[in-house]
>>> print(open('upload_33.pdb').read())   # PDB, C-alpha atoms
ATOM      1  CA  MET A  13     164.010  44.609  89.833
ATOM      2  CA  PRO A  14     167.504  45.915  89.080
ATOM      3  CA  VAL A  15     169.898  46.311  92.017
ATOM      4  CA  ARG A  16     172.820  48.654  92.539
ATOM      5  CA  THR A  17     176.214  46.977  92.268
ATOM      6  CA  LYS A  18     179.899  47.733  91.698
ATOM      7  CA  TYR A  19     181.642  46.439  88.599
ATOM      8  CA  LEU A  20     184.862  46.802  86.624
ATOM      9  CA  LYS A  21     184.518  48.797  83.416
ATOM     10  CA  THR A  22     187.098  48.650  80.637
ATOM     11  CA  ILE A  23     188.023  52.113  79.371
ATOM     12  CA  TRP A  24     190.620  53.583  77.025
ATOM     13  CA  CYS A  25     193.845  54.589  78.791
ATOM     14  CA  PRO A  26     196.175  55.829  76.042
ATOM     15  CA  GLY A  27     199.904  55.828  76.721
ATOM     16  CA  PRO A  28     202.858  57.181  74.724
ATOM     17  CA  TRP A  29     202.486  57.073  70.939
ATOM     18  CA  PRO A  30     202.479  54.736  69.161
ATOM     19  CA  TRP A  31     203.042  51.537  71.121
ATOM     20  CA  GLU A  32     200.769  52.233  74.098
ATOM     21  CA  TRP A  33     198.252  54.489  72.351
ATOM     22  CA  PHE A  34     195.554  51.757  72.322
ATOM     23  CA  ARG A  35     196.085  50.622  75.901
ATOM     24  CA  THR A  36     192.966  49.901  78.031
ATOM     25  CA  CYS A  37     192.508  49.645  81.761
ATOM     26  CA  GLU A  38     189.761  48.712  84.241
ATOM     27  CA  VAL A  39     188.124  51.075  86.706
ATOM     28  CA  GLU A  40     185.522  50.388  89.378
ATOM     29  CA  ARG A  41     182.126  51.961  88.762
ATOM     30  CA  ASP A  42     178.655  51.909  90.297
ATOM     31  CA  GLY A  43     176.059  50.348  88.046
ATOM     32  CA  TRP A  44     172.706  48.592  87.740
ATOM     33  CA  GLU A  45     172.537  44.795  87.615
ATOM     34  CA  TYR A  46     169.728  43.123  85.656
ATOM     35  CA  ASN A  47     168.970  39.411  85.551
ATOM     36  CA  PHE A  48     166.973  38.923  82.366
ATOM     37  CA  GLN A  49     164.884  35.785  81.911
ATOM     38  CA  ARG A  50     164.793  36.661  78.197
ATOM     39  CA  LEU A  51     167.245  38.667  76.157
ATOM     40  CA  LYS A  52     167.207  39.434  72.440
ATOM     41  CA  ALA A  53     169.942  41.225  70.492
ATOM     42  CA  GLN A  54     169.529  42.660  66.987
ATOM     43  CA  GLY A  55     172.201  44.295  64.870
ATOM     44  CA  LEU A  56     175.878  43.894  64.079
ATOM     45  CA  LEU A  57     178.507  45.178  66.510
ATOM     46  CA  TYR A  58     176.128  47.944  67.626
ATOM     47  CA  TYR A  59     173.067  46.183  69.031
ATOM     48  CA  HIS A  60     169.470  46.878  69.905
ATOM     49  CA  TYR A  61     168.628  44.892  73.040
ATOM     50  CA  THR A  62     165.254  43.769  74.365
ATOM     51  CA  GLY A  63     165.304  42.210  77.810
ATOM     52  CA  CYS A  64     162.603  40.842  80.112
ATOM     53  CA  GLU A  65     163.103  40.833  83.885
ATOM     54  CA  ASN A  66     160.266  39.762  86.194
ATOM     55  CA  GLY A  67     157.572  40.813  83.734
ATOM     56  CA  ILE A  68     159.071  44.222  82.901
ATOM     57  CA  GLU A  69     160.491  44.886  79.426
ATOM     58  CA  TYR A  70     163.591  47.017  78.838
ATOM     59  CA  GLN A  71     165.001  48.197  75.502
ATOM     60  CA  TRP A  72     168.327  49.911  74.854
ATOM     61  CA  ASP A  73     171.121  50.302  72.294
ATOM     62  CA  ASP A  74     174.786  49.587  73.012
ATOM     63  CA  TRP A  75     178.016  48.272  71.603
ATOM     64  CA  GLY A  76     178.047  44.527  72.173
ATOM     65  CA  SER A  77     180.584  41.762  72.350
ATOM     66  CA  LEU A  78     178.294  39.314  70.544
ATOM     67  CA  ILE A  79     179.418  38.395  67.027
ATOM     68  CA  GLN A  80     175.931  37.423  65.852
ATOM     69  CA  PRO A  81     172.562  38.719  66.991
ATOM     70  CA  GLY A  82     170.209  36.237  68.555
ATOM     71  CA  GLU A  83     167.727  35.324  71.268
ATOM     72  CA  PHE A  84     168.956  34.100  74.628
ATOM     73  CA  PRO A  85     166.421  32.334  76.861
ATOM     74  CA  GLY A  86     167.456  31.600  80.411
ATOM     75  CA  VAL A  87     168.902  34.028  82.936
ATOM     76  CA  THR A  88     171.385  36.494  81.455
ATOM     77  CA  THR A  89     173.052  39.021  83.767
ATOM     78  CA  VAL A  90     173.660  42.486  82.333
ATOM     79  CA  ILE A  91     175.272  45.408  84.178
ATOM     80  CA  GLN A  92     174.746  48.944  82.907
ATOM     81  CA  GLU A  93     176.188  52.178  84.227
ATOM     82  CA  GLU A  94     172.859  53.987  83.745
ATOM     83  CA  GLU A  95     169.421  52.652  84.673
ATOM     84  CA  LEU A  96     167.643  51.219  81.621
ATOM     85  CA  PRO A  97     164.296  52.627  80.413
ATOM     86  CA  LYS A  98     161.172  50.515  80.964
ATOM     87  CA  THR A  99     159.199  50.000  77.747
ATOM     88  CA  GLY A 100     156.250  47.873  78.890
ATOM     89  CA  LYS A 101     155.300  44.445  80.171
ATOM     90  CA  CYS A 102     156.617  41.093  78.984
ATOM     91  CA  ASP A 103     156.418  37.386  79.665
ATOM     92  CA  PRO A 104     159.265  36.127  81.878
ATOM     93  CA  ASN A 105     158.393  32.456  81.406
ATOM     94  CA  ASN A 106     160.248  32.088  78.138
ATOM     95  CA  ILE A 107     157.178  31.583  75.955
ATOM     96  CA  GLY A 108     155.532  33.847  73.425
ATOM     97  CA  THR A 109     158.288  34.864  71.006
ATOM     98  CA  TYR A 110     160.212  31.647  71.657
ATOM     99  CA  SER A 111     157.148  29.387  71.643
ATOM    100  CA  GLN A 112     156.397  27.215  68.629
ATOM    101  CA  ARG A 113     152.959  26.214  69.971
ATOM    102  CA  LEU A 114     150.059  28.550  70.553
ATOM    103  CA  ASP A 115     148.685  26.325  73.314
ATOM    104  CA  LEU A 116     151.684  27.413  75.398
ATOM    105  CA  VAL A 117     150.402  30.983  75.464
ATOM    106  CA  VAL A 118     149.271  31.467  79.045
ATOM    107  CA  GLU A 119     145.972  33.087  79.986
ATOM    108  CA  ILE A 120     145.843  36.788  79.268
ATOM    109  CA  ILE A 121     143.598  38.965  81.412
ATOM    110  CA  VAL A 122     142.459  42.214  79.802
ATOM    111  CA  SER A 123     140.831  44.925  81.898
ATOM    112  CA  SER A 124     138.749  47.698  80.360
ATOM    113  CA  LYS A 125     137.234  50.940  81.592
ATOM    114  CA  ILE A 126     135.141  53.678  79.985
ATOM    115  CA  GLU A 127     135.639  57.309  80.935
ATOM    116  CA  VAL A 128     133.564  60.310  79.821
ATOM    117  CA  ILE A 129     136.050  62.981  78.741
ATOM    118  CA  LYS A 130     133.518  65.537  77.455
ATOM    119  CA  SER A 131     129.801  66.077  78.067
ATOM    120  CA  GLU A 132     127.391  68.696  76.734
ATOM    121  CA  LYS A 133     123.635  69.337  76.532
ATOM    122  CA  ILE A 134     121.926  69.469  73.144
ATOM    123  CA  ASP A 135     118.311  69.501  71.879
ATOM    124  CA  ILE A 136     116.914  71.257  74.969
ATOM    125  CA  ASN A 137     113.098  71.098  74.963
ATOM    126  CA  THR A 138     110.423  72.374  77.404
ATOM    127  CA  VAL A 139     106.965  70.755  77.360
ATOM    128  CA  ILE A 140     103.837  70.296  79.490
ATOM    129  CA  PRO A 141     103.026  66.555  79.687
ATOM    130  CA  ASP A 142      99.404  65.701  78.916
ATOM    131  CA  ASP A 143      98.998  63.633  82.056
ATOM    132  CA  THR A 144      96.224  64.091  84.668
ATOM    133  CA  ILE A 145      97.899  61.860  87.254
ATOM    134  CA  CYS A 146     101.657  62.457  87.280
ATOM    135  CA  ASN A 147     101.311  66.091  86.252
ATOM    136  CA  ARG A 148      98.089  67.239  87.841
ATOM    137  CA  SER A 149      99.284  70.837  88.233
ATOM    138  CA  GLY A 150     100.258  71.133  84.570
ATOM    139  CA  ASN A 151     103.889  71.922  85.337
ATOM    140  CA  THR A 152     106.442  72.264  82.574
ATOM    141  CA  ILE A 153     109.356  69.855  82.353
ATOM    142  CA  THR A 154     112.612  70.457  80.532
ATOM    143  CA  THR A 155     114.452  67.650  78.781
ATOM    144  CA  TRP A 156     117.676  67.492  76.821
ATOM    145  CA  THR A 157     120.090  65.056  75.236
ATOM    146  CA  VAL A 158     123.447  64.504  76.934
ATOM    147  CA  GLN A 159     126.148  64.055  74.306
ATOM    148  CA  LYS A 160     129.308  62.351  75.581
ATOM    149  CA  ASP A 161     132.772  61.799  74.125
ATOM    150  CA  ASN A 162     134.204  58.606  75.608
ATOM    151  CA  LYS A 163     137.654  57.213  76.248
ATOM    152  CA  ILE A 164     137.953  53.421  76.502
ATOM    153  CA  VAL A 165     141.192  51.901  77.815
ATOM    154  CA  PHE A 166     142.126  48.212  77.463
ATOM    155  CA  THR A 167     145.115  46.870  79.404
ATOM    156  CA  ALA A 168     146.471  43.342  78.933
ATOM    157  CA  SER A 169     148.219  41.506  81.765
ATOM    158  CA  LYS A 170     150.689  39.993  79.275
ATOM    159  CA  PHE A 171     151.750  40.668  75.721
ATOM    160  CA  TYR A 172     153.884  38.686  73.310
ATOM    161  CA  ASP A 173     155.944  39.944  70.401
ATOM    162  CA  PHE A 174     153.540  38.664  67.735
ATOM    163  CA  MET A 175     150.162  39.937  68.880
ATOM    164  CA  PHE A 176     147.809  42.636  67.640
ATOM    165  CA  TRP A 177     144.540  44.393  68.502
ATOM    166  CA  SER A 178     141.522  44.465  66.216
ATOM    167  CA  ILE A 179     138.075  46.113  66.209
ATOM    168  CA  ASN A 180     135.217  44.280  64.483
ATOM    169  CA  GLY A 181     137.818  42.172  62.691
ATOM    170  CA  LYS A 182     139.870  45.169  61.460
ATOM    171  CA  THR A 183     143.521  45.111  62.521
ATOM    172  CA  LEU A 184     144.814  48.298  64.158
ATOM    173  CA  ILE A 185     147.905  49.280  62.162
ATOM    174  CA  PRO A 186     149.932  51.484  62.757
ATOM    175  CA  THR A 187     150.151  52.182  66.505
ATOM    176  CA  SER A 188     147.847  55.221  66.273
ATOM    177  CA  GLY A 189     145.257  56.511  63.844
ATOM    178  CA  LYS A 190     141.550  56.340  63.041
ATOM    179  CA  ILE A 191     139.403  53.378  61.996
ATOM    180  CA  ILE A 192     135.899  53.472  60.457
ATOM    181  CA  VAL A 193     133.429  50.962  61.929
ATOM    182  CA  ASP A 194     129.946  50.903  60.335
ATOM    183  CA  GLY A 195     130.425  54.501  59.221
ATOM    184  CA  ILE A 196     131.574  55.630  62.691
ATOM    185  CA  PRO A 197     135.133  56.960  63.068
ATOM    186  CA  ILE A 198     137.037  55.752  66.146
ATOM    187  CA  SER A 199     140.436  57.188  67.057
ATOM    188  CA  TYR A 200     142.917  54.810  68.648
ATOM    189  CA  SER A 201     146.434  54.756  70.073
ATOM    190  CA  MET A 202     148.721  52.141  71.618
ATOM    191  CA  PRO A 203     151.124  53.855  74.066
ATOM    192  CA  SER A 204     152.639  50.445  74.838
ATOM    193  CA  LYS A 205     152.233  46.968  73.394
ATOM    194  CA  GLU A 206     149.823  45.869  76.106
ATOM    195  CA  GLU A 207     147.609  48.974  76.110
ATOM    196  CA  LEU A 208     144.912  50.147  73.681
ATOM    197  CA  ILE A 209     143.099  53.498  73.978
ATOM    198  CA  LEU A 210     139.950  54.276  71.964
ATOM    199  CA  ASN A 211     138.269  57.672  71.657
ATOM    200  CA  THR A 212     134.674  58.035  70.414
ATOM    201  CA  GLU A 213     132.548  61.092  69.664
ATOM    202  CA  GLY A 214     129.053  61.534  71.072
ATOM    203  CA  THR A 215     127.714  62.938  67.805
ATOM    204  CA  TYR A 216     127.550  59.358  66.474
ATOM    205  CA  GLY A 217     125.143  58.218  69.203
ATOM    206  CA  ASN A 218     125.084  54.761  70.772
ATOM    207  CA  PHE A 219     126.733  51.724  69.211
ATOM    208  CA  SER A 220     128.628  48.541  70.033
ATOM    209  CA  ILE A 221     132.031  47.267  68.951
ATOM    210  CA  SER A 222     133.928  44.007  69.358
ATOM    211  CA  VAL A 223     137.543  44.300  70.530
ATOM    212  CA  GLN A 224     139.936  41.392  70.067
ATOM    213  CA  LEU A 225     143.513  40.614  71.036
ATOM    214  CA  ILE A 226     145.063  37.995  68.745
ATOM    215  CA  ALA A 227     148.263  35.991  69.132
ATOM    216  CA  VAL A 228     150.047  35.063  65.897
ATOM    217  CA  LEU A 229     152.457  32.123  65.645
ATOM    218  CA  ASN A 230     155.751  33.009  63.973
ATOM    219  CA  ASN A 231     154.156  36.158  62.527
ATOM    220  CA  ASN A 232     151.971  33.937  60.315
ATOM    221  CA  PRO A 233     148.372  35.302  60.177
ATOM    222  CA  PHE A 234     147.100  31.867  59.114
ATOM    223  CA  ARG A 235     148.228  30.463  62.469
ATOM    224  CA  SER A 236     146.598  32.656  65.086
ATOM    225  CA  LYS A 237     144.629  32.428  68.313
ATOM    226  CA  ILE A 238     142.128  34.858  69.849
ATOM    227  CA  VAL A 239     143.273  35.309  73.452
ATOM    228  CA  PHE A 240     140.731  38.029  74.340
ATOM    229  CA  GLU A 241     137.408  39.226  72.939
ATOM    230  CA  GLN A 242     134.865  41.635  74.408
ATOM    231  CA  ASN A 243     131.776  43.433  73.132
ATOM    232  CA  ILE A 244     131.634  47.020  74.355
ATOM    233  CA  SER A 245     128.452  49.129  74.375
ATOM    234  CA  ILE A 246     129.313  52.794  73.922
ATOM    235  CA  ILE A 247     126.756  55.347  75.104
ATOM    236  CA  GLY A 248     127.282  58.510  73.107
ATOM    237  CA  GLN A 249     123.879  60.069  73.810
ATOM    238  CA  SER A 250     121.316  59.732  76.591
ATOM    239  CA  LYS A 251     118.165  61.577  77.614
ATOM    240  CA  ASP A 252     118.044  63.652  80.815
ATOM    241  CA  GLY A 253     116.074  66.510  82.295
ATOM    242  CA  ASP A 254     115.406  68.799  85.249
ATOM    243  CA  GLN A 255     114.019  67.715  88.627
ATOM    244  CA  SER A 256     110.418  67.971  87.360
ATOM    245  CA  TYR A 257     111.271  65.506  84.604
ATOM    246  CA  ILE A 258     112.948  63.126  87.076
ATOM    247  CA  ASP A 259     109.924  63.288  89.413
ATOM    248  CA  TYR A 260     107.600  62.699  86.461
ATOM    249  CA  LEU A 261     109.481  59.552  85.425
ATOM    250  CA  ALA A 262     109.563  58.294  89.021
ATOM    251  CA  CYS A 263     105.778  58.722  89.251
ATOM    252  CA  LYS A 264     105.188  56.796  86.014
ATOM    253  CA  LYS A 265     107.528  54.014  87.140
ATOM    254  CA  HIS A 266     105.789  53.727  90.518
ATOM    255  CA  ILE A 267     102.365  53.425  88.885
ATOM    256  CA  GLU A 268     103.577  50.723  86.508
ATOM    257  CA  ASP A 269     105.129  48.760  89.395
ATOM    258  CA  VAL A 270     101.923  48.925  91.450
ATOM    259  CA  PHE A 271      99.798  47.858  88.498
ATOM    260  CA  LYS A 272     102.061  44.879  87.753
ATOM    261  CA  LYS A 273     101.970  43.863  91.410
ATOM    262  CA  LEU A 274      98.166  43.939  91.523
ATOM    263  CA  TRP A 275      97.709  42.129  88.200
ATOM    264  CA  PRO A 276     100.930  40.207  87.471
ATOM    265  CA  GLU A 277      99.309  37.788  85.028
ATOM    266  CA  VAL A 278      97.071  39.942  82.860
ATOM    267  CA  PRO A 279      96.872  38.199  79.457
ATOM    268  CA  PRO A 280      98.587  40.155  76.671
ATOM    269  CA  VAL A 281      95.322  40.212  74.707
ATOM    270  CA  LEU A 282      93.892  42.533  77.357
ATOM    271  CA  LYS A 283      94.867  46.104  76.772
ATOM    272  CA  ILE A 284      96.434  47.701  79.854
ATOM    273  CA  PRO A 285      95.217  51.312  80.161
ATOM    274  CA  SER A 286      97.825  53.916  79.289
ATOM    275  CA  ASP A 287      97.248  55.505  82.709
ATOM    276  CA  PRO A 288      97.250  52.590  85.192
ATOM    277  CA  LEU A 289      96.550  54.852  88.160
ATOM    278  CA  LYS A 290      93.017  55.409  86.877
ATOM    279  CA  VAL A 291      92.461  51.686  87.273
ATOM    280  CA  ILE A 292      93.884  51.710  90.772
ATOM    281  CA  ASN A 293      91.825  54.712  91.878
ATOM    282  CA  THR A 294      88.570  53.165  90.578
ATOM    283  CA  PHE A 295      89.438  49.631  91.554
ATOM    284  CA  ASN A 296      85.877  48.283  92.027
ATOM    285  CA  ASN A 297      84.523  49.525  88.714
ATOM    286  CA  GLN A 298      87.569  48.348  86.790
ATOM    287  CA  MET A 299      87.460  44.915  88.416
ATOM    288  CA  ASP A 300      83.988  44.399  86.926
ATOM    289  CA  GLU A 301      85.354  45.434  83.548
ATOM    290  CA  LEU A 302      88.300  43.071  83.901
ATOM    291  CA  LYS A 303      86.041  40.189  84.919
ATOM    292  CA  THR A 304      83.922  40.779  81.825
ATOM    293  CA  SER A 305      87.042  40.785  79.654
ATOM    294  CA  PHE A 306      88.252  37.543  81.238
ATOM    295  CA  ASN A 307      84.885  35.870  80.660
ATOM    296  CA  LYS A 308      84.878  36.939  77.009
ATOM    297  CA  LEU A 309      88.396  35.593  76.606
ATOM    298  CA  ALA A 310      87.431  32.302  78.265
ATOM    299  CA  ASN A 311      84.430  31.886  75.972
ATOM    300  CA  GLN A 312      86.558  32.575  72.904
ATOM    301  CA  GLN A 313      89.061  29.941  73.988
ATOM    302  CA  LYS A 314      86.236  27.379  74.535
ATOM    303  CA  LYS A 315      84.890  27.972  71.038
ATOM    304  CA  GLN A 316      88.382  27.427  69.585
TER     305      GLN A 316
END
>>> encode(input="upload_33.pdb", output="structure tokens")
Amino acid sequence: MPVRTKYLKTIWCPGPWPWEWFRTCEVERDGWEYNFQRLKAQGLLYYHYTGCENGIEYQWDDWGSLIQPGEFPGVTTVIQEEELPKTGKCDPNNIGTYSQRLDLVVEIIVSSKIEVIKSEKIDINTVIPDDTICNRSGNTITTWTVQKDNKIVFTASKFYDFMFWSINGKTLIPTSGKIIVDGIPISYSMPSKEELILNTEGTYGNFSISVQLIAVLNNNPFRSKIVFEQNISIIGQSKDGDQSYIDYLACKKHIEDVFKKLWPEVPPVLKIPSDPLKVINTFNNQMDELKTSFNKLANQQKKQ
């Protein structure tokens, strides 16, 4: 982190014309001291600087004393009168941009989270289930489809100068826009180099995508390494309903669980009744029927 410090700044102190007109002098000022583990300068006389201090990247423009632009690994101390703007994360270990070997790229951890940013009900439908067990009273249930617009955020723990995001093998260029994946449009943006934001619309239903982060050696796409890959299932639509619908589903699930517990190994050739509770309620009669079915199955297997 930068620290406050005092330093001597050279300023213009013009004297009498013409001999002392270009005179300079030094004054004491308060400033910010940075100790960059990486520093890169681009330009001629007026430079664009990129510095990395303890994993935080800074970029700024200034007149420089360097004759040639270049990259300067190792600790470089820079003092600025104003605090420099933070532009993202970086690698302080002097690899990445300066590395000539992809196996030197350290492990990159990418976190992801899905957030529903808009939800609405569509296809609302009211019915009376034809079910004598879970709907004995003949109540109506109301169902609908929940349509959701999602926001998916990926954040990388590190990012190197020559890396890019891709979806299903399609590179995301430029830093914001829209990409079509299997006929589905997905909006994306990259607020910083280590962050990717995707926005999906619920009208396109449920689908999956593969997100990759790829490191490229010396900006050569033929020399690359996948440092992160994840398949994301996006739920754009789901079925829901009122409390009667929820109770109805819970009843059906309970019956299925009880039936499976009583007869966990019923052969698939035996047809399980569509309403298992009828079997449970008339257990003795159904057991005779099941025994008969088992005997028939056993005889068939003997003949084979």
>>> closest_residue(input="upload_33.pdb", among="A:Ile258, A:Met13, A:Val165, A:Val270", to="Ile153 of chain A", atoms="only C-alpha atoms")
A:Ile258
>>> residues_near_point(input="upload_33.pdb", point="(166.1, 45.5, 86.4)", cutoff="12 Å", atoms="all atoms listed in the file", output="PDB file with C-alpha atoms, in the coordinates of the input")
ATOM      1  CA  MET A  13     164.010  44.609  89.833  1.00  0.00           C
ATOM      2  CA  PRO A  14     167.504  45.915  89.080  1.00  0.00           C
ATOM      3  CA  VAL A  15     169.898  46.311  92.017  1.00  0.00           C
ATOM      4  CA  ARG A  16     172.820  48.654  92.539  1.00  0.00           C
ATOM      5  CA  THR A  17     176.214  46.977  92.268  1.00  0.00           C
ATOM      6  CA  GLY A  43     176.059  50.348  88.046  1.00  0.00           C
ATOM      7  CA  TRP A  44     172.706  48.592  87.740  1.00  0.00           C
ATOM      8  CA  GLU A  45     172.537  44.795  87.615  1.00  0.00           C
ATOM      9  CA  TYR A  46     169.728  43.123  85.656  1.00  0.00           C
ATOM     10  CA  ASN A  47     168.970  39.411  85.551  1.00  0.00           C
ATOM     11  CA  PHE A  48     166.973  38.923  82.366  1.00  0.00           C
ATOM     12  CA  GLN A  49     164.884  35.785  81.911  1.00  0.00           C
ATOM     13  CA  GLY A  63     165.304  42.210  77.810  1.00  0.00           C
ATOM     14  CA  CYS A  64     162.603  40.842  80.112  1.00  0.00           C
ATOM     15  CA  GLU A  65     163.103  40.833  83.885  1.00  0.00           C
ATOM     16  CA  ASN A  66     160.266  39.762  86.194  1.00  0.00           C
ATOM     17  CA  GLY A  67     157.572  40.813  83.734  1.00  0.00           C
ATOM     18  CA  ILE A  68     159.071  44.222  82.901  1.00  0.00           C
ATOM     19  CA  GLU A  69     160.491  44.886  79.426  1.00  0.00           C
ATOM     20  CA  TYR A  70     163.591  47.017  78.838  1.00  0.00           C
ATOM     21  CA  GLN A  71     165.001  48.197  75.502  1.00  0.00           C
ATOM     22  CA  THR A  88     171.385  36.494  81.455  1.00  0.00           C
ATOM     23  CA  THR A  89     173.052  39.021  83.767  1.00  0.00           C
ATOM     24  CA  VAL A  90     173.660  42.486  82.333  1.00  0.00           C
ATOM     25  CA  ILE A  91     175.272  45.408  84.178  1.00  0.00           C
ATOM     26  CA  GLN A  92     174.746  48.944  82.907  1.00  0.00           C
ATOM     27  CA  GLU A  94     172.859  53.987  83.745  1.00  0.00           C
ATOM     28  CA  GLU A  95     169.421  52.652  84.673  1.00  0.00           C
ATOM     29  CA  LEU A  96     167.643  51.219  81.621  1.00  0.00           C
ATOM     30  CA  PRO A  97     164.296  52.627  80.413  1.00  0.00           C
ATOM     31  CA  LYS A  98     161.172  50.515  80.964  1.00  0.00           C
ATOM     32  CA  THR A  99     159.199  50.000  77.747  1.00  0.00           C
TER      33      THR A  99
END
>>> residues_around(input="upload_33.pdb", residues="Thr22 of chain A", least_positions_apart="6", cutoff="8 Å", atoms="all atoms listed in the file", output="VMD selection string")
chain A and resid 36 to 39
>>> atom_distance(input="upload_33.pdb", atom1="atom CA of Val158 of chain A", atom2="atom CA of Asp135 of chain A")
8.8 Å
>>> atom_distance(input="upload_33.pdb", atom1="atom CA of Glu127 of chain A", atom2="atom CA of Glu213 of chain A")
12.3 Å
>>> residues_near_point(input="upload_33.pdb", point="(140.8, 52.6, 79.4)", cutoff="7 Å", atoms="all atoms listed in the file", output="NGL selection string")
:A and (124-126 or 163-166 or 209)
>>> atom_distance(input="upload_33.pdb", atom1="atom CA of Val223 of chain A", atom2="atom CA of Ile244 of chain A")
7.5 Å
>>> residues_around(input="upload_33.pdb", residues="Gln159 of chain A", least_positions_apart="6", cutoff="7 Å", atoms="only C-alpha atoms", output="number ranges by chain")
A: 131-134, 214-215, 248-250
>>> write_last_selection(input="upload_33.pdb", atoms="C-alpha atoms", output="mmCIF file, in the frame of the given file")
data_model
loop_
_atom_site.group_PDB
_atom_site.id
_atom_site.type_symbol
_atom_site.label_atom_id
_atom_site.label_comp_id
_atom_site.auth_asym_id
_atom_site.auth_seq_id
_atom_site.Cartn_x
_atom_site.Cartn_y
_atom_site.Cartn_z
ATOM 1 C CA SER A 131 129.801 66.077 78.067
ATOM 2 C CA GLU A 132 127.391 68.696 76.734
ATOM 3 C CA LYS A 133 123.635 69.337 76.532
ATOM 4 C CA ILE A 134 121.926 69.469 73.144
ATOM 5 C CA GLY A 214 129.053 61.534 71.072
ATOM 6 C CA THR A 215 127.714 62.938 67.805
ATOM 7 C CA GLY A 248 127.282 58.510 73.107
ATOM 8 C CA GLN A 249 123.879 60.069 73.810
ATOM 9 C CA SER A 250 121.316 59.732 76.591
#
>>> residues_around(input="upload_33.pdb", residues="Arg35 of chain A", least_positions_apart="2", cutoff="12 Å", atoms="only C-alpha atoms", output="number ranges by chain")
A: 22-33, 37-38
>>> resolve_selection(input="upload_33.pdb", expression="the PyMOL selection byres ((chain A and resi 139) around 6)", output="PyMOL selection string")
chain A and resi 138+140+152-153
>>> residues_around(input="upload_33.pdb", residues="Ile121 of chain A", least_positions_apart="2", cutoff="8 Å", atoms="all atoms listed in the file", output="list of chain:residue names")
A:Glu119, A:Ser123, A:Ala168, A:Ser169, A:Lys170, A:Phe240
>>> residues_around(input="upload_33.pdb", residues="Trp72 of chain A", least_positions_apart="5", cutoff="7 Å", atoms="all atoms listed in the file", output="CSV table (one decimal) with C-alpha atoms, in the coordinates of the input")
chain,number,residue,atom,x,y,z
A,60,HIS,CA,169.5,46.9,69.9
A,61,TYR,CA,168.6,44.9,73.0
A,62,THR,CA,165.3,43.8,74.4
A,96,LEU,CA,167.6,51.2,81.6
>>> resolve_selection(input="upload_33.pdb", expression="the PyMOL selection byres ((chain A and resi 247) around 7)", output="VMD selection string")
chain A and resid 217 to 219 245 to 246 248 to 249
>>> resolve_selection(input="upload_33.pdb", expression="the PyMOL selection byres ((chain A and resi 191) around 12)", output="list in words")
Ser178, Ile179, Asn180, Gly181, Lys182, Thr183, Leu184, Ile185, Pro186, Thr187, Ser188, Gly189, Lys190, Ile192, Val193, Asp194, Gly195, Ile196, Pro197, Ile198, Ser199, Tyr200, Ser201, Leu210, Asn211, Thr212 and Ile221 of chain A
>>> closest_residue(input="upload_33.pdb", among="A:Tyr260, A:Tyr59, A:Lys205, A:Gln255", to="Asp142 of chain A", atoms="only C-alpha atoms")
A:Tyr260
>>> closest_residue(input="upload_33.pdb", among="A:Asp143, A:Asp74, A:Glu206, A:Glu93", to="Cys263 of chain A", atoms="all atoms listed in the file")
A:Asp143
>>> decode(input="upload_33.pdb", residues="segment 143-153 of chain A", atoms="N, CA and C atoms", output="PDB file, in the first residue's frame")
ATOM      1  N   ASP A 143     -56.923 -36.910  -9.223  1.00  0.00           N
ATOM      2  CA  ASP A 143     -56.186 -37.730  -8.277  1.00  0.00           C
ATOM      3  C   ASP A 143     -57.077 -37.980  -7.062  1.00  0.00           C
ATOM      4  N   THR A 144     -57.416 -39.254  -6.792  1.00  0.00           N
ATOM      5  CA  THR A 144     -58.324 -39.585  -5.688  1.00  0.00           C
ATOM      6  C   THR A 144     -57.620 -39.684  -4.350  1.00  0.00           C
ATOM      7  N   ILE A 145     -56.292 -39.616  -4.342  1.00  0.00           N
ATOM      8  CA  ILE A 145     -55.551 -39.742  -3.090  1.00  0.00           C
ATOM      9  C   ILE A 145     -55.023 -38.388  -2.620  1.00  0.00           C
ATOM     10  N   CYS A 146     -54.211 -37.734  -3.438  1.00  0.00           N
ATOM     11  CA  CYS A 146     -53.604 -36.473  -3.033  1.00  0.00           C
ATOM     12  C   CYS A 146     -54.522 -35.280  -3.252  1.00  0.00           C
ATOM     13  N   ASN A 147     -55.652 -35.508  -3.891  1.00  0.00           N
ATOM     14  CA  ASN A 147     -56.613 -34.407  -4.063  1.00  0.00           C
ATOM     15  C   ASN A 147     -58.032 -34.954  -3.905  1.00  0.00           C
ATOM     16  N   ARG A 148     -58.277 -35.514  -2.740  1.00  0.00           N
ATOM     17  CA  ARG A 148     -59.565 -36.158  -2.498  1.00  0.00           C
ATOM     18  C   ARG A 148     -60.723 -35.164  -2.570  1.00  0.00           C
ATOM     19  N   SER A 149     -60.487 -33.935  -2.137  1.00  0.00           N
ATOM     20  CA  SER A 149     -61.567 -32.939  -2.096  1.00  0.00           C
ATOM     21  C   SER A 149     -61.802 -32.277  -3.444  1.00  0.00           C
ATOM     22  N   GLY A 150     -60.992 -32.593  -4.430  1.00  0.00           N
ATOM     23  CA  GLY A 150     -61.154 -31.978  -5.751  1.00  0.00           C
ATOM     24  C   GLY A 150     -60.830 -30.502  -5.779  1.00  0.00           C
ATOM     25  N   ASN A 151     -59.827 -30.104  -4.991  1.00  0.00           N
ATOM     26  CA  ASN A 151     -59.441 -28.688  -4.955  1.00  0.00           C
ATOM     27  C   ASN A 151     -58.718 -28.287  -6.242  1.00  0.00           C
ATOM     28  N   THR A 152     -58.804 -27.016  -6.552  1.00  0.00           N
ATOM     29  CA  THR A 152     -58.056 -26.490  -7.697  1.00  0.00           C
ATOM     30  C   THR A 152     -56.644 -26.118  -7.249  1.00  0.00           C
ATOM     31  N   ILE A 153     -55.705 -26.259  -8.148  1.00  0.00           N
ATOM     32  CA  ILE A 153     -54.339 -25.791  -7.897  1.00  0.00           C
ATOM     33  C   ILE A 153     -53.945 -24.862  -9.043  1.00  0.00           C
TER      34      ILE A 153
END
